[in-house]
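Take a look at the structure below.
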Amino acid sequence: MPEIRSPGDGANREPPRVGVYVCHCGTNIAGTVDVKAVTEYAAKLPGVVVSRDYKYMCSDPGQALIQQDISEHNVNRVVVASCSPLLHEPTFRRVLSRAGINSFFLQMVNIREHVSWVHLDKQAATEKTKDLVRAAVRRVSLHKPLQKRRVPINPNVLVVGGGIAGIHAALTLADAGKQVYLVEREPTIGGHMAKFDKTFPTLDCAACILTPKMTSVGSHPHITLWTYSEIVKVEGYVGNYKVQVKRKPRYIHEDLCIGCQECITACVYKEGKTPDQFNLGLSKRKPVYLPFPQAVPQKVVIDPETCIQFKSGKCKKTCVEACGERQAIDFTQTEKFEEIEVGTIILATGFKTFDASRHPYYGYGRYPNVYTSLEVERLINAAGPTGGEVVLRDGTRPKSVGIIHCVGSRDANTNRWCSKVCCMYSLKLAHLIKERTGAEVYNFYIDMRTPGKGYEEFYDRLLDEGVHFVRGRVAEVSDWAVHPSEEGKLVIRAEDTLAAFVRRIPVDMVVLSVGLEPQADVQEVRRLFNISCSTEGWFLERHPKLAPVSTFTEGVYIAGACQGPKDIPDSVAQAGAAAAEALALIDAQFVELEPYTAFISEEECSGCKSCIPLCPYQAISFVEDKKKAAINEVLCKGCGTCVAACPSGSIQQNFFEDDEIFEEIEGVLAYA
Amino acid sequence: MKYTYYPGCSLRGTGRAYEESLLAVFRALDIELEELEDWNCCGATTYLSVDELTSYALAARNLALAEREHRDVIAPCAACYLVLNKTQRYMHDYPDIKLVVTRALAAIGLTCEDHVRVRHPLDILLHEVGLKTIAEKVKIPLKGLKVAPYYGCQIVRPYATFDDQHNPTSMDRLLEACGAKIVYYPLKTRCCGGSQKGTLPEIGLDLIHYLLSEAQKNGAEVIATVCPLCQFNLECFQKEAGNHPPISMPVLYFTQLMALALGASAKTIGLQRSLVSIAPVLAKKEIAYA
């Protein structure tokens, strides 16, 4: 047993007295590891004064055992062999604190995830457990007393994304009195929900329930709304983030524009010429436009790509004339950058829909009357390009419509996941199309997935309404006719797997129920906020069941479909949860940070500066007069990059010092 | 550029025009082809359904022979192309198949290490030679000859290695480079019926008719194919169409059209072997071929 290094504060000069606690975890561990044998083995290791096993070490009696030994046997180092430290390290650290010793005199050995759950051979698993316990006993003897850092929390919150999730989170926080910055990339908030006419399964009007919330956001005294803006830089750490926001020029002074839209009427373009993005290209807009009637903020935007003034500089500028004395139009506007300080961040950046042209055999982009579901949402919407009329490209009403489910979902060639909302929105569209046009509507599905309150009942209702359901993945949509009845129609070919034959169903209109995908720039956003993504590109929650809105970065939360496909109720629920998590943190007023920071031994630092550019958090600076590097402990997140890179070995990391790590390695390798 | 050439049985039988025209195209583009010595039947798709292991061994023998040349192999017949690729893939993915096939090859002193690439002429012409080179060597432009490009099922399914599985365009682009006009042909990868014409003639005739009538409807003057069986099916049963009205449509290998454009004479590329002659169409278009 090596000598304990003096930490300098005299706190641990006494020789180590290690207590080892081996947990059965019911049969989770004891089923595969001979817990008794491990306990007996540990008792004989140098420095160990007490060694015990217990059925559930994390239970109150289990914790009491440890606490008792600390006071009665003067145990001053604790090794707990149980589950992953992610689960119970905080529990056992609290035990040490309660017993009056530094909570970092604990070392956990993960003999569940790393041993019992992954091995079958009980004898070998027991031997491996002994090795790991021995390593921990040796390591823990070198542990130094550390203190968690306390930092205050800035009560301001940044919400990124102004869809229904972002709106709900922002309003919840603002109503609780917090200052909220809501940043949205598009010129208006509202997100995908603003494009819908009705919502399933209640068929209540999307605008009727969304727009009151949108206007509340626009007028809330505690919300600063920046649309047409993007986050470009995030620095700092939980409680203390510094964020830079780029505000794209809309060539309109937002404070002067009153949303009268007279400039739009006056524009030299008599008709719109540019595909209207909000209507997914189903209508045209002018260079100066308002995305949709209920847009928030009610401020127009000028698109420099199509505006004559920007292209030639020779426009008559009838818009400026119309704006008159208000002088809200400003062709010289440039992008602006705003710096804000917030304590917590909620990401609600949403999703994009699957690009249907990736399935060439469904004819999207080739046959004009093949639509995506989102396009049909706009056709159905009373404020949409056809005023709510479901019509074909030639303006006539379809007599028959086929809705193809799972386009870009549950498909090994594109996306494997179920997009969760498509069955229900397809039912909704089927109902609305039938209601508006009287057409025969065919749904082609793989499985109908309708779990949710009132969802299955809605499906039943559609069956009663006479909508047709064909179980079978559609092979293709084509315009070649085999039978005279198919002439001029789109023919949907699918195997009806319930009737066991191939159907050819001619229809006038095809609706592709496109799945949900992560946003295209999800990797950049992930890096910006230093969080993780699943392999598919959905933002990764800290725990799929128990921490669904937290991320692995403290103070950064996720809400809505950026975390995975979600319908409106789920998005709103998650947004509320994310807001509550942020509030909990804010109301605690400070946060404790792990002390795993790096530190520099000044006499050994050669001043080579190799560490400085490597630090992802800009925590290392160079002190010119001393010619030494210095680490800002507050910015350091303990990633260890500089520690590994330092050529002179002068950078060490708390809790991961070289001697601690070497002692652990030697402990594992020392066959006893 | 030099490649090992694996003709397969069809190109020596019903598909002679394919071989003649293919060789003419490659000659015109200065690409050397060396025929694989002592090649055997690939087993085609029929043998696969009778005895899988023997058929893999048959195909693997060709791969083993080709490996000794250390060059990519060209397999123009769609069935050969599929079977050789499939054998490679299966030997790679399934150790039990590899074991048996390796033993069978060892018995005749061969080894198959899975390092030749089996490629289709479409792939070579598009990606190795390139459209620019081909366009430069065109002597007799096809003057907007309306072609329905028909790929059939085998070269894109299940292994779409050089083109899109559902909407391949390699042949479209090659023929466009020769001056042809590609007509809209949504059935370009649909099945020609394969051997159904022999076993279930009603179904086979329906499938053939769909392909022919769609080409006709879209204004095609000729159908271009890459597969001897497709060519056979589409050309031979135009008059015997069951309930369907008869159709008259030349069906050529894409290499015949390319060879024409590159200046080869009709006789050397097997145009005289056609049951439905393309001569009237070419005369109408005033394409004065050699």
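Identifiers in the structure tokens: chain A, B, ... in order shown; residue index from 1 per chain; ligand index from 1 in order shown.
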Quiz prompt | Distance query A:Lys248 at most 6 Å, only C-alpha atoms, self and fewer than 3 positions along chain excluded, as a ChimeraX atom specification | solution = /A:228-229,335
Quiz item: Can you list, as a list in words, every protein, DNA or RNA residue that comes within 10 Å of B:Ser195 when you count only C-alpha atoms, leaving out same-chain residues fewer than 5 positions away?
Solution: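 Listing them by chain and then by number gives Thr46, Leu200, Pro201, Gly204, Leu229, Cys230 and Asn233 of chain B.
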Closest atom pairs, residues of chain B within 8 Å of chain A, only C-alpha atoms, as a tab-separated table:
residue	atom	partner	partner_atom	distance
B:His166	CA	A:Pro360	CA	6.4
B:Asn167	CA	A:Pro360	CA	6.8
B:Pro186	CA	A:Ser478	CA	7.4
B:Tyr210	CA	A:Val482	CA	7.3
B:Glu214	CA	A:Trp480	CA	7.0
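Those residues in stretch 86-271 of chain B carrying a DSSP assignment of strand (DSSP E), computed from the backbone, are Val118, Arg119, Lys146, Val147, Ala148, Pro149, Lys181, Ile182, Val222, Ile223, Ala224, Thr225, Val251, Leu252 and Tyr253 of chain B.
Considering only C-alpha atoms, the residue among B:Leu36, B:Leu53, B:Met171, B:Leu122 positioned nearest to B:His70 is B:Leu36.
Minimum distance to B:Gln256 across B:Ala180, B:Val25, B:Ala148, B:Leu212 (counting only C-alpha atoms) occurs at B:Val25.
Closest approach to B:Tyr159 among B:Ile223, B:Val147, B:Leu125, B:Ala78 is made by B:Ala78 (distances from only C-alpha atoms).
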Can you pull out the residues contacting B:Glu221? Cut-off 12 Å, using only C-alpha atoms, and skip same-chain residues under 5 positions away; I want them as a PDB file with N, CA and C atoms, in the first residue's frame.
ATOM      1  N   LEU B 142     -27.596  10.130 -83.923  1.00  0.00           N
ATOM      2  CA  LEU B 142     -28.878   9.436 -84.077  1.00  0.00           C
ATOM      3  C   LEU B 142     -30.043  10.396 -84.303  1.00  0.00           C
ATOM      4  N   GLY B 144     -32.023  12.512 -82.882  1.00  0.00           N
ATOM      5  CA  GLY B 144     -33.288  12.534 -82.136  1.00  0.00           C
ATOM      6  C   GLY B 144     -34.128  11.292 -82.293  1.00  0.00           C
ATOM      7  N   LEU B 145     -33.512  10.198 -82.659  1.00  0.00           N
ATOM      8  CA  LEU B 145     -34.217   8.909 -82.705  1.00  0.00           C
ATOM      9  C   LEU B 145     -34.838   8.663 -81.332  1.00  0.00           C
ATOM     10  N   LYS B 146     -36.142   8.378 -81.331  1.00  0.00           N
ATOM     11  CA  LYS B 146     -36.834   8.286 -80.046  1.00  0.00           C
ATOM     12  C   LYS B 146     -36.692   6.879 -79.460  1.00  0.00           C
ATOM     13  N   VAL B 147     -35.983   6.811 -78.366  1.00  0.00           N
ATOM     14  CA  VAL B 147     -35.643   5.518 -77.767  1.00  0.00           C
ATOM     15  C   VAL B 147     -36.325   5.367 -76.403  1.00  0.00           C
ATOM     16  N   ALA B 148     -36.951   4.187 -76.205  1.00  0.00           N
ATOM     17  CA  ALA B 148     -37.418   3.851 -74.858  1.00  0.00           C
ATOM     18  C   ALA B 148     -36.315   3.020 -74.199  1.00  0.00           C
ATOM     19  N   PRO B 149     -35.687   3.532 -73.151  1.00  0.00           N
ATOM     20  CA  PRO B 149     -34.579   2.793 -72.530  1.00  0.00           C
ATOM     21  C   PRO B 149     -35.133   1.753 -71.566  1.00  0.00           C
ATOM     22  N   ALA B 180     -29.500  10.385 -79.511  1.00  0.00           N
ATOM     23  CA  ALA B 180     -30.869   9.885 -79.443  1.00  0.00           C
ATOM     24  C   ALA B 180     -31.691  10.749 -78.508  1.00  0.00           C
ATOM     25  N   LYS B 181     -33.017  10.649 -78.661  1.00  0.00           N
ATOM     26  CA  LYS B 181     -33.900  11.321 -77.713  1.00  0.00           C
ATOM     27  C   LYS B 181     -34.557  10.236 -76.865  1.00  0.00           C
ATOM     28  N   ILE B 182     -34.437  10.409 -75.554  1.00  0.00           N
ATOM     29  CA  ILE B 182     -34.995   9.401 -74.655  1.00  0.00           C
ATOM     30  C   ILE B 182     -36.449   9.749 -74.355  1.00  0.00           C
ATOM     31  N   VAL B 183     -37.347   8.828 -74.611  1.00  0.00           N
ATOM     32  CA  VAL B 183     -38.748   9.115 -74.299  1.00  0.00           C
ATOM     33  C   VAL B 183     -39.033   8.711 -72.859  1.00  0.00           C
ATOM     34  N   LEU B 212     -44.367  -3.084 -74.308  1.00  0.00           N
ATOM     35  CA  LEU B 212     -44.400  -2.626 -75.694  1.00  0.00           C
ATOM     36  C   LEU B 212     -45.390  -1.479 -75.874  1.00  0.00           C
ATOM     37  N   SER B 213     -46.582  -1.636 -75.301  1.00  0.00           N
ATOM     38  CA  SER B 213     -47.605  -0.622 -75.566  1.00  0.00           C
ATOM     39  C   SER B 213     -47.245   0.699 -74.891  1.00  0.00           C
ATOM     40  N   GLU B 214     -46.621   0.637 -73.725  1.00  0.00           N
ATOM     41  CA  GLU B 214     -46.233   1.880 -73.054  1.00  0.00           C
ATOM     42  C   GLU B 214     -45.163   2.612 -73.873  1.00  0.00           C
ATOM     43  N   ALA B 215     -44.234   1.837 -74.454  1.00  0.00           N
ATOM     44  CA  ALA B 215     -43.192   2.466 -75.284  1.00  0.00           C
ATOM     45  C   ALA B 215     -43.845   3.132 -76.497  1.00  0.00           C
ATOM     46  N   GLN B 216     -44.789   2.410 -77.079  1.00  0.00           N
ATOM     47  CA  GLN B 216     -45.470   2.945 -78.258  1.00  0.00           C
ATOM     48  C   GLN B 216     -46.263   4.212 -77.905  1.00  0.00           C
ATOM     49  N   ILE B 247     -48.301  -5.245 -82.183  1.00  0.00           N
ATOM     50  CA  ILE B 247     -47.469  -4.051 -82.154  1.00  0.00           C
ATOM     51  C   ILE B 247     -46.266  -4.321 -83.028  1.00  0.00           C
ATOM     52  N   SER B 248     -45.744  -3.282 -83.670  1.00  0.00           N
ATOM     53  CA  SER B 248     -44.508  -3.465 -84.420  1.00  0.00           C
ATOM     54  C   SER B 248     -43.495  -2.438 -83.947  1.00  0.00           C
ATOM     55  N   MET B 249     -42.497  -2.931 -83.262  1.00  0.00           N
ATOM     56  CA  MET B 249     -41.541  -2.021 -82.611  1.00  0.00           C
ATOM     57  C   MET B 249     -40.159  -2.665 -82.626  1.00  0.00           C
ATOM     58  N   PRO B 250     -39.182  -2.041 -83.251  1.00  0.00           N
ATOM     59  CA  PRO B 250     -37.835  -2.624 -83.213  1.00  0.00           C
ATOM     60  C   PRO B 250     -37.313  -2.668 -81.771  1.00  0.00           C
ATOM     61  N   VAL B 251     -36.651  -3.762 -81.433  1.00  0.00           N
ATOM     62  CA  VAL B 251     -36.069  -3.900 -80.091  1.00  0.00           C
ATOM     63  C   VAL B 251     -34.597  -4.231 -80.271  1.00  0.00           C
ATOM     64  N   LEU B 252     -33.727  -3.301 -79.939  1.00  0.00           N
ATOM     65  CA  LEU B 252     -32.297  -3.489 -80.181  1.00  0.00           C
ATOM     66  C   LEU B 252     -31.528  -3.464 -78.860  1.00  0.00           C
ATOM     67  N   VAL B 276     -37.857  -7.413 -86.229  1.00  0.00           N
ATOM     68  CA  VAL B 276     -38.510  -6.161 -86.611  1.00  0.00           C
ATOM     69  C   VAL B 276     -37.388  -5.194 -86.979  1.00  0.00           C
ATOM     70  N   SER B 277     -37.286  -4.900 -88.249  1.00  0.00           N
ATOM     71  CA  SER B 277     -36.138  -4.124 -88.710  1.00  0.00           C
ATOM     72  C   SER B 277     -36.261  -2.658 -88.303  1.00  0.00           C
ATOM     73  N   ILE B 278     -35.103  -2.073 -87.988  1.00  0.00           N
ATOM     74  CA  ILE B 278     -35.097  -0.653 -87.660  1.00  0.00           C
ATOM     75  C   ILE B 278     -34.863   0.196 -88.906  1.00  0.00           C
ATOM     76  N   ALA B 279     -34.572  -0.491 -90.038  1.00  0.00           N
ATOM     77  CA  ALA B 279     -34.201   0.236 -91.258  1.00  0.00           C
ATOM     78  C   ALA B 279     -35.233   1.303 -91.647  1.00  0.00           C
ATOM     79  N   PRO B 280     -36.559   0.976 -91.654  1.00  0.00           N
ATOM     80  CA  PRO B 280     -37.518   2.016 -92.059  1.00  0.00           C
ATOM     81  C   PRO B 280     -37.442   3.257 -91.169  1.00  0.00           C
ATOM     82  N   VAL B 281     -37.266   3.048 -89.858  1.00  0.00           N
ATOM     83  CA  VAL B 281     -37.190   4.193 -88.944  1.00  0.00           C
ATOM     84  C   VAL B 281     -35.966   5.031 -89.258  1.00  0.00           C
ATOM     85  N   LEU B 282     -34.846   4.361 -89.449  1.00  0.00           N
ATOM     86  CA  LEU B 282     -33.611   5.094 -89.733  1.00  0.00           C
ATOM     87  C   LEU B 282     -33.727   5.838 -91.058  1.00  0.00           C
ATOM     88  N   LYS B 284     -36.513   6.965 -92.378  1.00  0.00           N
ATOM     89  CA  LYS B 284     -37.411   8.102 -92.158  1.00  0.00           C
ATOM     90  C   LYS B 284     -36.661   9.264 -91.499  1.00  0.00           C
ATOM     91  N   LYS B 285     -35.767   8.904 -90.580  1.00  0.00           N
ATOM     92  CA  LYS B 285     -35.008   9.937 -89.853  1.00  0.00           C
ATOM     93  C   LYS B 285     -33.823  10.446 -90.674  1.00  0.00           C
TER      94      LYS B 285
END
Can you tell me which residues surround A:Glu377 at a distance of at most 7 Å, considering only C-alpha atoms, apart from same-chain residues fewer than 5 positions away, and format the answer as a PDB file with N, CA and C atoms, in the first residue's frame?
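around.pdb was written with the following content:
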ATOM      1  N   LYS A 195     -49.319  25.407 -40.124  1.00  0.00           N
ATOM      2  CA  LYS A 195     -49.694  25.038 -41.497  1.00  0.00           C
ATOM      3  C   LYS A 195     -50.934  24.148 -41.530  1.00  0.00           C
ATOM      4  N   PHE A 196     -51.301  23.588 -40.390  1.00  0.00           N
ATOM      5  CA  PHE A 196     -52.411  22.633 -40.381  1.00  0.00           C
ATOM      6  C   PHE A 196     -53.752  23.363 -40.322  1.00  0.00           C
ATOM      7  N   ASP A 197     -54.780  22.675 -40.819  1.00  0.00           N
ATOM      8  CA  ASP A 197     -56.132  23.224 -40.704  1.00  0.00           C
ATOM      9  C   ASP A 197     -56.800  22.693 -39.443  1.00  0.00           C
TER      10      ASP A 197
END
Quiz item: Out of stretch 6-239 of chain B, which residues get helix (DSSP H, G or I) from DSSP, as a PyMOL selection string?
Solution: chain B and resi 10-12+16-28+44-50+52-67+78-93+95-107+121-129+131-137+170-177+196-199+201-217+228-236
Residue subset to file, keeping C-alpha atoms, as a short mmCIF file (atom, residue, chain, number, x, y, z; two decimals), in the first residue's frame:
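Result file is result.cif:
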data_model
loop_
_atom_site.label_atom_id
_atom_site.label_comp_id
_atom_site.auth_asym_id
_atom_site.auth_seq_id
_atom_site.Cartn_x
_atom_site.Cartn_y
_atom_site.Cartn_z
CA SER B 10 -26.63 -16.04 -74.61
CA LEU B 11 -24.18 -13.81 -76.40
CA ARG B 12 -23.12 -16.84 -78.37
CA ARG B 16 -25.19 -12.75 -80.94
CA ALA B 17 -26.06 -9.24 -82.04
CA TYR B 18 -25.29 -8.07 -78.50
CA GLU B 19 -21.77 -9.47 -78.66
CA GLU B 20 -21.11 -8.21 -82.17
CA SER B 21 -22.25 -4.70 -81.34
CA LEU B 22 -20.59 -4.63 -77.92
CA LEU B 23 -17.23 -5.55 -79.45
CA ALA B 24 -17.73 -2.89 -82.10
CA VAL B 25 -18.44 -0.21 -79.50
CA PHE B 26 -15.41 -1.10 -77.41
CA ARG B 27 -13.19 -1.25 -80.49
CA ALA B 28 -14.38 2.18 -81.54
CA ALA B 44 -28.33 -18.21 -64.84
CA THR B 45 -31.32 -17.66 -62.63
CA THR B 46 -32.88 -21.02 -63.45
CA TYR B 47 -30.10 -23.13 -61.99
CA LEU B 48 -30.22 -21.08 -58.79
CA SER B 49 -33.73 -22.27 -58.16
CA VAL B 50 -32.83 -25.90 -58.73
CA GLU B 52 -28.14 -23.26 -55.13
CA LEU B 53 -24.75 -24.59 -54.13
CA THR B 54 -23.92 -26.07 -57.51
CA SER B 55 -24.96 -22.86 -59.19
CA TYR B 56 -22.73 -20.79 -56.90
CA ALA B 57 -19.86 -23.17 -57.63
CA LEU B 58 -20.46 -22.80 -61.37
CA ALA B 59 -20.41 -19.03 -61.14
CA ALA B 60 -17.47 -19.00 -58.75
CA ARG B 61 -15.39 -21.01 -61.20
CA ASN B 62 -15.62 -18.09 -63.61
CA LEU B 63 -14.70 -15.66 -60.84
CA ALA B 64 -11.72 -17.82 -59.89
CA LEU B 65 -10.50 -17.94 -63.48
CA ALA B 66 -10.95 -14.19 -63.79
CA GLU B 67 -9.00 -13.49 -60.61
CA ALA B 78 -27.99 -9.03 -67.30
CA ALA B 79 -28.42 -12.54 -65.92
CA CYS B 80 -24.66 -13.24 -65.92
CA TYR B 81 -24.07 -9.87 -64.32
CA LEU B 82 -26.55 -10.61 -61.56
CA VAL B 83 -25.49 -14.20 -60.94
CA LEU B 84 -21.77 -13.41 -60.75
CA ASN B 85 -22.41 -10.47 -58.43
CA LYS B 86 -24.80 -12.45 -56.31
CA THR B 87 -22.33 -15.31 -55.96
CA GLN B 88 -19.66 -12.88 -54.80
CA ARG B 89 -22.04 -11.30 -52.34
CA TYR B 90 -23.26 -14.61 -50.95
CA MET B 91 -19.76 -16.00 -50.57
CA HIS B 92 -18.88 -12.87 -48.67
CA ASP B 93 -21.98 -12.89 -46.47
CA PRO B 95 -19.43 -18.54 -44.55
CA ASP B 96 -21.14 -21.90 -45.14
CA ILE B 97 -21.61 -21.16 -48.83
CA LYS B 98 -18.06 -19.94 -49.08
CA LEU B 99 -16.77 -23.10 -47.43
CA VAL B 100 -18.53 -25.48 -49.83
CA VAL B 101 -17.70 -23.42 -52.91
CA THR B 102 -14.06 -23.11 -51.86
CA ARG B 103 -13.83 -26.88 -51.48
CA ALA B 104 -15.43 -27.45 -54.87
CA LEU B 105 -12.97 -25.06 -56.51
CA ALA B 106 -10.04 -26.62 -54.64
CA ALA B 107 -10.93 -29.96 -56.21
CA PRO B 121 -20.79 -2.30 -69.94
CA LEU B 122 -23.18 0.55 -68.98
CA ASP B 123 -21.03 1.18 -65.92
CA ILE B 124 -17.75 1.05 -67.86
CA LEU B 125 -18.99 3.25 -70.70
CA LEU B 126 -20.49 5.86 -68.40
CA HIS B 127 -17.97 5.97 -65.57
CA GLU B 128 -14.68 4.91 -67.16
CA VAL B 129 -15.02 6.20 -70.71
CA LEU B 131 -20.05 10.87 -72.00
CA LYS B 132 -17.69 13.51 -73.32
CA THR B 133 -15.35 10.99 -75.00
CA ILE B 134 -18.26 9.09 -76.44
CA ALA B 135 -19.93 12.22 -77.81
CA GLU B 136 -16.63 13.21 -79.45
CA LYS B 137 -16.37 9.85 -81.22
CA SER B 170 -27.01 5.36 -67.35
CA MET B 171 -28.34 4.05 -70.67
CA ASP B 172 -30.42 7.21 -71.13
CA ARG B 173 -27.34 9.34 -70.86
CA LEU B 174 -25.17 7.14 -73.09
CA LEU B 175 -27.75 7.12 -75.86
CA GLU B 176 -28.34 10.84 -75.51
CA ALA B 177 -24.61 11.33 -76.00
CA GLN B 196 -43.02 -16.91 -67.97
CA LYS B 197 -43.79 -16.95 -71.68
CA GLY B 198 -42.83 -20.63 -71.58
CA THR B 199 -44.51 -21.58 -68.30
CA PRO B 201 -47.90 -17.76 -71.32
CA GLU B 202 -50.95 -15.64 -70.43
CA ILE B 203 -49.06 -13.77 -67.74
CA GLY B 204 -45.90 -13.58 -69.80
CA LEU B 205 -47.77 -12.07 -72.75
CA ASP B 206 -49.47 -9.49 -70.52
CA LEU B 207 -46.15 -8.33 -69.10
CA ILE B 208 -44.57 -8.14 -72.55
CA HIS B 209 -47.52 -6.23 -73.90
CA TYR B 210 -47.41 -3.62 -71.12
CA LEU B 211 -43.81 -2.86 -71.95
CA LEU B 212 -44.40 -2.63 -75.69
CA SER B 213 -47.61 -0.62 -75.57
CA GLU B 214 -46.23 1.88 -73.05
CA ALA B 215 -43.19 2.47 -75.28
CA GLN B 216 -45.47 2.95 -78.26
CA LYS B 217 -47.81 5.26 -76.34
CA PRO B 228 -30.74 -11.02 -74.17
CA LEU B 229 -33.87 -12.46 -72.56
CA CYS B 230 -35.63 -9.08 -72.47
CA GLN B 231 -34.71 -8.53 -76.09
CA PHE B 232 -36.01 -11.98 -77.02
CA ASN B 233 -39.29 -11.58 -75.17
CA LEU B 234 -40.01 -8.09 -76.45
CA GLU B 235 -39.13 -8.82 -80.04
CA CYS B 236 -40.52 -12.29 -80.59
#
Exercise. Grab the atom CA of A:Glu271 to atom CA of A:Lys317 distance for me, in Å with one decimal place.
Key: 15.8 Å
Practice problem: Name the closest residue to B:Phe254 among the candidates B:Ala288, B:Cys178, B:Cys112, B:Arg71; distances are taken between atoms, counting only C-alpha atoms. | Solution: B:Cys178
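Checking A:Gln67, A:Thr274, A:Phe337, A:Lys434 one by one against A:Cys307, counting only C-alpha atoms, you find the shortest gap at A:Thr274.
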Quiz item: Excluding same-chain residues fewer than 3 positions from A:Ile600, what lies within 10 Å of it counting only C-alpha atoms, as a PyMOL selection string?
Solution: chain A and resi 603-605+628-631+642-643+646+649-653
File of the preceding selection, N, CA and C atoms, as a PDB file, in the first residue's frame:
ATOM      1  N   GLU A 603       5.419  25.008 -12.059  1.00  0.00           N
ATOM      2  CA  GLU A 603       6.878  24.838 -12.227  1.00  0.00           C
ATOM      3  C   GLU A 603       7.225  23.894 -13.372  1.00  0.00           C
ATOM      4  N   GLU A 604       6.275  22.960 -13.692  1.00  0.00           N
ATOM      5  CA  GLU A 604       6.572  22.012 -14.769  1.00  0.00           C
ATOM      6  C   GLU A 604       6.130  22.513 -16.140  1.00  0.00           C
ATOM      7  N   CYS A 605       5.256  23.511 -16.190  1.00  0.00           N
ATOM      8  CA  CYS A 605       4.748  24.001 -17.477  1.00  0.00           C
ATOM      9  C   CYS A 605       5.867  24.721 -18.229  1.00  0.00           C
ATOM     10  N   LYS A 628       3.453  31.022 -18.836  1.00  0.00           N
ATOM     11  CA  LYS A 628       2.833  29.755 -18.442  1.00  0.00           C
ATOM     12  C   LYS A 628       1.362  29.755 -18.900  1.00  0.00           C
ATOM     13  N   ALA A 629       0.831  28.546 -19.093  1.00  0.00           N
ATOM     14  CA  ALA A 629      -0.592  28.426 -19.390  1.00  0.00           C
ATOM     15  C   ALA A 629      -1.375  28.480 -18.088  1.00  0.00           C
ATOM     16  N   ALA A 630      -2.611  28.959 -18.168  1.00  0.00           N
ATOM     17  CA  ALA A 630      -3.462  29.000 -16.986  1.00  0.00           C
ATOM     18  C   ALA A 630      -4.861  28.523 -17.364  1.00  0.00           C
ATOM     19  N   ILE A 631      -5.457  27.727 -16.474  1.00  0.00           N
ATOM     20  CA  ILE A 631      -6.784  27.172 -16.767  1.00  0.00           C
ATOM     21  C   ILE A 631      -7.828  27.905 -15.943  1.00  0.00           C
ATOM     22  N   CYS A 642      -6.540  18.434 -22.686  1.00  0.00           N
ATOM     23  CA  CYS A 642      -5.257  19.090 -22.438  1.00  0.00           C
ATOM     24  C   CYS A 642      -4.347  18.202 -21.591  1.00  0.00           C
ATOM     25  N   VAL A 643      -4.957  17.433 -20.697  1.00  0.00           N
ATOM     26  CA  VAL A 643      -4.167  16.550 -19.827  1.00  0.00           C
ATOM     27  C   VAL A 643      -3.395  15.544 -20.678  1.00  0.00           C
ATOM     28  N   CYS A 646      -0.589  17.440 -22.975  1.00  0.00           N
ATOM     29  CA  CYS A 646       0.536  18.199 -22.405  1.00  0.00           C
ATOM     30  C   CYS A 646       1.840  17.410 -22.508  1.00  0.00           C
ATOM     31  N   GLY A 649       3.604  16.825 -19.142  1.00  0.00           N
ATOM     32  CA  GLY A 649       2.828  16.190 -18.079  1.00  0.00           C
ATOM     33  C   GLY A 649       2.510  17.131 -16.938  1.00  0.00           C
ATOM     34  N   SER A 650       2.496  18.418 -17.240  1.00  0.00           N
ATOM     35  CA  SER A 650       2.278  19.354 -16.145  1.00  0.00           C
ATOM     36  C   SER A 650       0.800  19.607 -15.879  1.00  0.00           C
ATOM     37  N   ILE A 651      -0.091  19.126 -16.776  1.00  0.00           N
ATOM     38  CA  ILE A 651      -1.522  19.310 -16.528  1.00  0.00           C
ATOM     39  C   ILE A 651      -2.082  18.020 -15.936  1.00  0.00           C
ATOM     40  N   GLN A 652      -2.761  18.157 -14.849  1.00  0.00           N
ATOM     41  CA  GLN A 652      -3.410  17.023 -14.203  1.00  0.00           C
ATOM     42  C   GLN A 652      -4.880  17.346 -14.065  1.00  0.00           C
ATOM     43  N   GLN A 653      -5.667  16.311 -13.808  1.00  0.00           N
ATOM     44  CA  GLN A 653      -7.096  16.539 -13.660  1.00  0.00           C
ATOM     45  C   GLN A 653      -7.546  15.992 -12.316  1.00  0.00           C
TER      46      GLN A 653
END
